[in-house]
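Let me begin by presenting the structure, written as structure tokens, before commenting on it.
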Amino acid sequence: MQGATIDLAFWRVPERLFDEPDELIVWAQAALAAARRAAAKRARPDAPARKPRTRPAKRRKFP
């Protein structure tokens, strides 16, 4: 990003969850569900598809 700083939105799980794998799975499933919901909102399936950009035709110079 050309030296720019970006902020990543993520959270750490509490340290105690590393000793409690069953509860860690519950947290991970909840996080995955939240990520999928956020991705679905960004996808906006009702939005029209964008047309691909095309370059304008080059003009030829004729003698």
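Following the order of the structure tokens, chains are lettered A, B, ..., residues in each are numbered from 1, and ligands are numbered from 1.
Neighbouring residues of Leu17 (chain A) at 9 Å or closer, counting only C-alpha atoms and skipping chain neighbours under 6 positions away, are Glu23, Leu24 and Trp27 of chain A.
CA of Ile6 (chain A) to CA of Arg53 (chain A) spans 27.9 Å [interatomic distance, one decimal].
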